[in-house]
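Report on the structure given below.
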Amino acid sequence: MRRPSVQACLLLAAIGLAAAASAAAVEQASNLDADLAKLQAVADSFPPEIGTPADHSRVEALWKSVEARLLQAPAHDFETELKLGNLYRMGHNLDVKGAWDKAVTHLNEASRLRPDSPLPLTMLGAHYSGSGHAADAVAPLQRALALSGDKPAPMIYANLAFAYYQLGESEKVVQYANAYLQTNPDSSTMKLLKERSEAALQGGPKPKTIEMKKKPPRR
């Protein structure tokens with residue numbers, strides 16, 4: 001029986017190493033996405049849904065871990081820029097210093113890299129509308145809506161309704177709240193925005209601008 005040549009053994013070893021590296025990369029990406037999903041569950045909006053100071057510390061540690069891994073990824077890659085933008089958007093909700101500006105920078109870069117994608121514009125609009133910058137939210141959200149074709153993501157409608165509510169444009173609030181409620185009929189928040197805006201259109205008091213209040217500092 002002939003033994004495999006040295007070249008064949010080296011080739012098999014190289015194939016094995018490449019397969020192992022590929023599997024490791026897939027596992028790393030999967031872990032990163034799972035950790036982003038964990039953050040999304042608690043820090044997608046303000047105030048974040050975090051109980052005790054110990055819980056907050058664990059979430060902050062996870063956030064920093066995800067940031068470190070994303071900053072090692074290739075720069076100016078659409079997926080990387082999108083994830084960084086989303087991460088810093090959540091970082092702003094967690095009171096991470098400088099996160100607000102970084103979210104804007106990375107989401108704008110993701111939109112530049114893929115100008116036909118509504119996703120970075122949707123996230124940018126959510127970032128603006130959820131941080132008291134409603135007037136800045138309208139343009140990216142309307143652009144995201146135009147890029148979405150016949151099936152816009154419901155969150156575009158939700159964020160447009162919220163932005164227009166803050167701006168006191170009641171007719172548009174009702175329009176986009178109705179569009180959102182078609183797919184999410186049990187949303188108490190959207191029902192409330194719609195009811196208040198309908199009351200304003202019928203001569204009632206205009207809704208007050210929503211203020212983003214910070215929680216008291218943790219002790």
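Each chain of the structure tokens is named A, B, ... in the order shown, its residues numbered from 1; ligands are numbered from 1 in display order.
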All alpha helix (DSSP H) residues (DSSP, backbone) inside segment 25-195 of chain A, as a VMD selection string: chain A and resid 25 to 43 53 to 71 78 to 93 99 to 113 119 to 129 134 to 147 154 to 167 170 to 181 188 to 195
Emit the selected residues as a short mmCIF file (atom, residue, chain, number, x, y, z; two decimals), in the first residue's frame, including C-alpha atoms.
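Output below, filename again.cif:
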data_model
loop_
_atom_site.label_atom_id
_atom_site.label_comp_id
_atom_site.auth_asym_id
_atom_site.auth_seq_id
_atom_site.Cartn_x
_atom_site.Cartn_y
_atom_site.Cartn_z
CA ALA A 25 -15.42 32.33 11.99
CA VAL A 26 -19.02 31.13 11.60
CA GLU A 27 -19.22 30.35 15.32
CA GLN A 28 -17.75 33.74 16.24
CA ALA A 29 -20.27 35.56 14.02
CA SER A 30 -23.09 33.50 15.51
CA ASN A 31 -21.97 34.36 19.06
CA LEU A 32 -21.72 38.03 18.15
CA ASP A 33 -25.23 38.08 16.71
CA ALA A 34 -26.54 36.26 19.79
CA ASP A 35 -24.93 38.84 22.08
CA LEU A 36 -26.35 41.70 20.01
CA ALA A 37 -29.77 40.10 20.37
CA LYS A 38 -29.31 39.96 24.15
CA LEU A 39 -28.50 43.67 24.20
CA GLN A 40 -31.45 44.42 21.90
CA ALA A 41 -33.80 42.74 24.37
CA VAL A 42 -32.93 45.19 27.16
CA ALA A 43 -31.46 48.33 25.56
CA PRO A 53 -27.24 47.82 39.43
CA ALA A 54 -25.70 44.34 39.15
CA ASP A 55 -27.80 43.68 36.05
CA HIS A 56 -26.69 47.03 34.62
CA SER A 57 -23.04 46.12 35.19
CA ARG A 58 -23.50 42.81 33.37
CA VAL A 59 -25.17 44.55 30.42
CA GLU A 60 -22.40 47.15 30.27
CA ALA A 61 -19.77 44.39 30.27
CA LEU A 62 -21.58 42.61 27.43
CA TRP A 63 -21.84 45.88 25.50
CA LYS A 64 -18.09 46.53 25.82
CA SER A 65 -17.34 42.95 24.74
CA VAL A 66 -19.47 43.32 21.60
CA GLU A 67 -17.87 46.69 20.82
CA ALA A 68 -14.36 45.23 21.10
CA ARG A 69 -15.22 42.38 18.72
CA LEU A 70 -16.91 44.63 16.18
CA LEU A 71 -14.00 47.07 16.16
CA PHE A 78 -21.82 47.30 5.43
CA GLU A 79 -22.65 44.65 8.03
CA THR A 80 -19.97 45.91 10.42
CA GLU A 81 -21.04 49.54 10.11
CA LEU A 82 -24.69 48.58 10.56
CA LYS A 83 -23.98 46.55 13.68
CA LEU A 84 -21.74 49.26 15.13
CA GLY A 85 -24.42 51.87 14.48
CA ASN A 86 -27.02 49.72 16.20
CA LEU A 87 -24.63 48.98 19.07
CA TYR A 88 -23.89 52.66 19.68
CA ARG A 89 -27.59 53.48 19.41
CA MET A 90 -28.16 51.07 22.29
CA GLY A 91 -25.06 52.45 24.00
CA HIS A 92 -26.70 55.85 24.07
CA ASN A 93 -29.67 54.28 25.89
CA ALA A 99 -22.33 56.76 21.77
CA TRP A 100 -24.94 59.12 20.28
CA ASP A 101 -22.56 60.67 17.75
CA LYS A 102 -20.94 57.33 16.92
CA ALA A 103 -24.35 55.81 16.17
CA VAL A 104 -25.06 58.59 13.67
CA THR A 105 -21.61 58.22 12.06
CA HIS A 106 -21.77 54.45 11.59
CA LEU A 107 -25.39 54.34 10.42
CA ASN A 108 -24.70 57.07 7.86
CA GLU A 109 -21.67 55.11 6.67
CA ALA A 110 -23.74 51.93 6.34
CA SER A 111 -26.29 53.88 4.30
CA ARG A 112 -23.52 55.26 2.09
CA LEU A 113 -22.15 51.76 1.48
CA LEU A 119 -32.32 49.24 7.27
CA PRO A 120 -29.60 51.76 8.28
CA LEU A 121 -32.00 54.62 7.57
CA THR A 122 -34.66 52.95 9.73
CA MET A 123 -32.20 52.57 12.59
CA LEU A 124 -31.01 56.16 12.15
CA GLY A 125 -34.59 57.41 12.27
CA ALA A 126 -35.26 55.33 15.39
CA HIS A 127 -32.12 56.76 16.97
CA TYR A 128 -33.22 60.32 16.27
CA SER A 129 -36.87 59.90 17.24
CA ALA A 134 -37.78 64.16 16.01
CA ALA A 135 -37.24 66.72 13.25
CA ASP A 136 -34.05 64.92 12.16
CA ALA A 137 -35.83 61.55 12.18
CA VAL A 138 -38.35 62.32 9.45
CA ALA A 139 -36.03 62.47 6.41
CA PRO A 140 -34.24 59.11 6.93
CA LEU A 141 -37.49 57.37 7.86
CA GLN A 142 -39.30 58.70 4.78
CA ARG A 143 -36.34 57.63 2.65
CA ALA A 144 -36.45 54.16 4.24
CA LEU A 145 -40.17 53.99 3.49
CA ALA A 146 -39.57 54.92 -0.16
CA LEU A 147 -36.87 52.24 -0.48
CA PRO A 154 -43.61 48.02 10.59
CA MET A 155 -40.99 49.82 12.68
CA ILE A 156 -40.72 52.48 9.99
CA TYR A 157 -44.37 53.32 10.55
CA ALA A 158 -43.96 53.20 14.33
CA ASN A 159 -41.01 55.57 14.35
CA LEU A 160 -42.69 57.94 11.89
CA ALA A 161 -45.78 58.05 14.11
CA PHE A 162 -43.63 58.73 17.17
CA ALA A 163 -41.58 61.43 15.39
CA TYR A 164 -44.67 63.22 14.09
CA TYR A 165 -46.29 62.94 17.52
CA GLN A 166 -43.35 64.80 19.02
CA LEU A 167 -43.66 67.40 16.26
CA SER A 170 -51.53 64.81 14.40
CA GLU A 171 -52.83 63.85 10.93
CA LYS A 172 -49.56 62.12 10.11
CA VAL A 173 -49.51 60.41 13.50
CA VAL A 174 -52.92 58.88 12.78
CA GLN A 175 -51.83 57.88 9.26
CA TYR A 176 -48.71 56.01 10.35
CA ALA A 177 -50.21 54.65 13.56
CA ASN A 178 -52.98 53.06 11.49
CA ALA A 179 -50.41 51.56 9.13
CA TYR A 180 -48.50 50.08 12.09
CA LEU A 181 -51.63 48.75 13.78
CA SER A 188 -50.94 49.90 23.42
CA THR A 189 -48.35 52.60 22.73
CA MET A 190 -49.46 53.11 19.15
CA LYS A 191 -53.13 53.08 20.16
CA LEU A 192 -52.40 55.79 22.71
CA LEU A 193 -50.57 58.00 20.20
CA LYS A 194 -53.44 57.55 17.75
CA GLU A 195 -56.16 58.33 20.31
#
